$ cat model.cif   # mmCIF, C-alpha atoms; chains and numbers go by the auth columns
data_final
loop_
_atom_site.group_PDB
_atom_site.id
_atom_site.type_symbol
_atom_site.label_atom_id
_atom_site.label_comp_id
_atom_site.label_asym_id
_atom_site.label_seq_id
_atom_site.Cartn_x
_atom_site.Cartn_y
_atom_site.Cartn_z
_atom_site.B_iso_or_equiv
_atom_site.auth_seq_id
_atom_site.auth_asym_id
ATOM 1 C CA MET A 1 23.047 0.587 8.957 0.00 31 A
ATOM 2 C CA LEU A 2 21.685 4.070 9.429 0.00 32 A
ATOM 3 C CA VAL A 3 18.810 4.925 11.717 0.00 33 A
ATOM 4 C CA PHE A 4 17.633 8.498 11.298 0.00 34 A
ATOM 5 C CA PRO A 5 14.686 10.860 11.852 0.00 35 A
ATOM 6 C CA TRP A 6 12.266 11.660 9.037 0.00 36 A
ATOM 7 C CA PRO A 7 9.603 14.426 9.165 0.00 37 A
ATOM 8 C CA HIS A 8 6.032 13.123 8.709 0.00 38 A
ATOM 9 C CA ASP A 9 5.184 15.722 6.058 0.00 39 A
ATOM 10 C CA CYS A 10 8.450 15.850 4.087 0.00 40 A
ATOM 11 C CA PRO A 11 10.114 13.366 1.707 0.00 41 A
ATOM 12 C CA ARG A 12 13.606 14.267 3.011 0.00 42 A
ATOM 13 C CA LYS A 13 15.493 13.054 6.056 0.00 43 A
ATOM 14 C CA ALA A 14 15.909 15.425 8.952 0.00 44 A
ATOM 15 C CA ASP A 15 19.186 16.400 10.598 0.00 45 A
ATOM 16 C CA GLY A 16 19.993 17.126 14.202 0.00 46 A
ATOM 17 C CA SER A 17 20.747 15.263 17.380 0.00 47 A
ATOM 18 C CA ALA A 18 17.736 16.544 19.331 0.00 48 A
ATOM 19 C CA PRO A 19 14.282 17.971 18.563 0.00 49 A
ATOM 20 C CA PRO A 20 13.293 19.937 16.664 0.00 50 A
ATOM 21 C CA TYR A 21 14.785 18.030 13.717 0.00 51 A
ATOM 22 C CA GLU A 22 14.959 19.939 10.440 0.00 52 A
ATOM 23 C CA CYS A 23 15.145 18.807 6.806 0.00 53 A
ATOM 24 C CA LYS A 24 17.059 20.664 4.089 0.00 54 A
ATOM 25 C CA LYS A 25 13.847 22.465 3.061 0.00 55 A
ATOM 26 C CA GLY A 26 13.433 23.876 6.572 0.00 56 A
ATOM 27 C CA ASN A 27 10.545 21.633 7.692 0.00 57 A
ATOM 28 C CA GLN A 28 10.799 20.954 11.424 0.00 58 A
ATOM 29 C CA THR A 29 9.387 18.198 13.575 0.00 59 A
ATOM 30 C CA ASN A 30 9.607 17.218 17.224 0.00 60 A
ATOM 31 C CA ASP A 31 8.130 13.758 16.580 0.00 61 A
ATOM 32 C CA PRO A 32 9.821 12.320 13.468 0.00 62 A
ATOM 33 C CA LEU A 33 9.330 8.963 11.797 0.00 63 A
ATOM 34 C CA ILE A 34 12.390 6.801 12.467 0.00 64 A
ATOM 35 C CA LYS A 35 13.595 4.853 9.424 0.00 65 A
ATOM 36 C CA TYR A 36 16.237 2.278 8.565 0.00 66 A
ATOM 37 C CA LYS A 37 18.515 2.450 5.547 0.00 67 A
ATOM 38 C CA LEU A 38 21.071 -0.266 4.851 0.00 68 A
ATOM 39 C CA ASP A 39 23.440 -0.245 1.860 0.00 69 A
ATOM 40 C CA VAL A 40 24.563 -3.778 0.972 0.00 70 A
ATOM 41 C CA GLU A 41 27.218 -4.786 -1.525 0.00 71 A
ATOM 42 C CA VAL A 42 27.267 -8.459 -2.538 0.00 72 A
ATOM 43 C CA TYR A 43 30.144 -10.122 -4.386 0.00 73 A
ATOM 44 C CA ASP A 44 29.724 -13.628 -5.848 0.00 74 A
ATOM 45 C CA GLY A 45 33.306 -14.120 -7.064 0.00 75 A
ATOM 46 C CA ASP A 46 32.665 -12.587 -10.480 0.00 76 A
ATOM 47 C CA GLU A 47 30.221 -9.722 -10.164 0.00 77 A
ATOM 48 C CA THR A 48 29.279 -7.145 -7.545 0.00 78 A
ATOM 49 C CA ALA A 49 25.716 -6.018 -6.924 0.00 79 A
ATOM 50 C CA LYS A 50 24.599 -3.149 -4.684 0.00 80 A
ATOM 51 C CA PHE A 51 21.277 -3.054 -2.849 0.00 81 A
ATOM 52 C CA VAL A 52 19.591 -0.439 -0.678 0.00 82 A
ATOM 53 C CA LEU A 53 17.206 -1.836 1.931 0.00 83 A
ATOM 54 C CA TRP A 54 14.672 0.367 3.731 0.00 84 A
ATOM 55 C CA ASP A 55 12.549 -0.080 6.858 0.00 85 A
ATOM 56 C CA ASN A 56 9.794 -2.210 5.338 0.00 86 A
ATOM 57 C CA THR A 57 12.353 -4.950 4.539 0.00 87 A
ATOM 58 C CA LEU A 58 14.623 -4.393 7.531 0.00 88 A
ATOM 59 C CA ASP A 59 11.768 -4.512 10.057 0.00 89 A
ATOM 60 C CA GLU A 60 11.315 -8.141 9.016 0.00 90 A
ATOM 61 C CA LEU A 61 15.044 -9.020 8.748 0.00 91 A
ATOM 62 C CA VAL A 62 16.127 -7.391 12.019 0.00 92 A
ATOM 63 C CA GLY A 63 12.919 -8.187 13.888 0.00 93 A
ATOM 64 C CA LEU A 64 12.700 -4.664 15.341 0.00 94 A
ATOM 65 C CA THR A 65 11.311 -1.401 14.062 0.00 95 A
ATOM 66 C CA ALA A 66 13.839 1.383 13.564 0.00 96 A
ATOM 67 C CA SER A 67 12.272 3.299 16.449 0.00 97 A
ATOM 68 C CA THR A 68 12.651 0.323 18.823 0.00 98 A
ATOM 69 C CA LEU A 69 16.272 -0.222 17.759 0.00 99 A
ATOM 70 C CA LEU A 70 17.078 3.451 18.288 0.00 100 A
ATOM 71 C CA GLN A 71 15.651 3.291 21.845 0.00 101 A
ATOM 72 C CA LYS A 72 17.768 0.207 22.603 0.00 102 A
ATOM 73 C CA MET A 73 20.900 1.942 21.279 0.00 103 A
ATOM 74 C CA LYS A 74 20.494 4.900 23.671 0.00 104 A
#

$ encode --input "model.cif" --output "structure tokens"
Amino acid sequence: MLVFPWPHDCPRKADGSAPPYECKKGNQTNDPLIKYKLDVEVYDGDETAKFVLWDNTLDELVGLTASTLLQKMK
């Protein structure tokens, strides 16, 4: 599971370990949105299916927002 910063005004994830975070287009933010991304691969004995789950689904499954989980991990 990845938990990463996301600028409010940009559709790309931001990089960096401390503010200001910057996306590949150069947009910076000190107060990013924190999002989940989970890649899941399921095998049923015959076939494999891959799923990508984002924060709206994972908030419910994990029971924590990405921001809350990130604070607990620190």

$ atom_distance --input "model.cif" --atom1 "atom CA of Leu63 of chain A" --atom2 "atom CA of Gly46 of chain A"
13.6 Å

$ resolve_selection --input "model.cif" --expression "the PyMOL selection byres ((chain A and resi 86) around 12)" --output "CSV table (one decimal) with C-alpha atoms, in the coordinates of the input"
chain,number,residue,atom,x,y,z
A,64,ILE,CA,12.4,6.8,12.5
A,65,LYS,CA,13.6,4.9,9.4
A,66,TYR,CA,16.2,2.3,8.6
A,67,LYS,CA,18.5,2.4,5.5
A,68,LEU,CA,21.1,-0.3,4.9
A,82,VAL,CA,19.6,-0.4,-0.7
A,83,LEU,CA,17.2,-1.8,1.9
A,84,TRP,CA,14.7,0.4,3.7
A,85,ASP,CA,12.5,-0.1,6.9
A,87,THR,CA,12.4,-5.0,4.5
A,88,LEU,CA,14.6,-4.4,7.5
A,89,ASP,CA,11.8,-4.5,10.1
A,90,GLU,CA,11.3,-8.1,9.0
A,91,LEU,CA,15.0,-9.0,8.7
A,92,VAL,CA,16.1,-7.4,12.0
A,93,GLY,CA,12.9,-8.2,13.9
A,94,LEU,CA,12.7,-4.7,15.3
A,95,THR,CA,11.3,-1.4,14.1
A,96,ALA,CA,13.8,1.4,13.6

$ residues_around --input "model.cif" --residues "Pro49 of chain A" --least-positions-apart "2" --cutoff "10 Å" --atoms "all atoms listed in the file" --output "list in words"
Pro35, Asp45, Gly46, Ser47, Tyr51, Glu52, Gln58, Thr59, Asn60, Asp61 and Pro62 of chain A

$ residues_around --input "model.cif" --residues "Lys80 of chain A" --least-positions-apart "2" --cutoff "8 Å" --atoms "only C-alpha atoms" --output "mmCIF file with C-alpha atoms, in the coordinates of the input"
data_model
loop_
_atom_site.group_PDB
_atom_site.id
_atom_site.type_symbol
_atom_site.label_atom_id
_atom_site.label_comp_id
_atom_site.auth_asym_id
_atom_site.auth_seq_id
_atom_site.Cartn_x
_atom_site.Cartn_y
_atom_site.Cartn_z
ATOM 1 C CA ASP A 69 23.440 -0.245 1.860
ATOM 2 C CA VAL A 70 24.563 -3.778 0.972
ATOM 3 C CA GLU A 71 27.218 -4.786 -1.525
ATOM 4 C CA VAL A 72 27.267 -8.459 -2.538
ATOM 5 C CA THR A 78 29.279 -7.145 -7.545
ATOM 6 C CA VAL A 82 19.591 -0.439 -0.678
#

$ atom_distance --input "model.cif" --atom1 "atom CA of Met103 of chain A" --atom2 "atom CA of Cys53 of chain A"
23.0 Å

$ atom_distance --input "model.cif" --atom1 "atom CA of Phe81 of chain A" --atom2 "atom CA of Pro41 of chain A"
20.4 Å

$ closest_residue --input "model.cif" --among "A:Ser97, A:Lys102, A:Ala79, A:Asn57" --to "Ala44 of chain A" --atoms "only C-alpha atoms"
A:Asn57
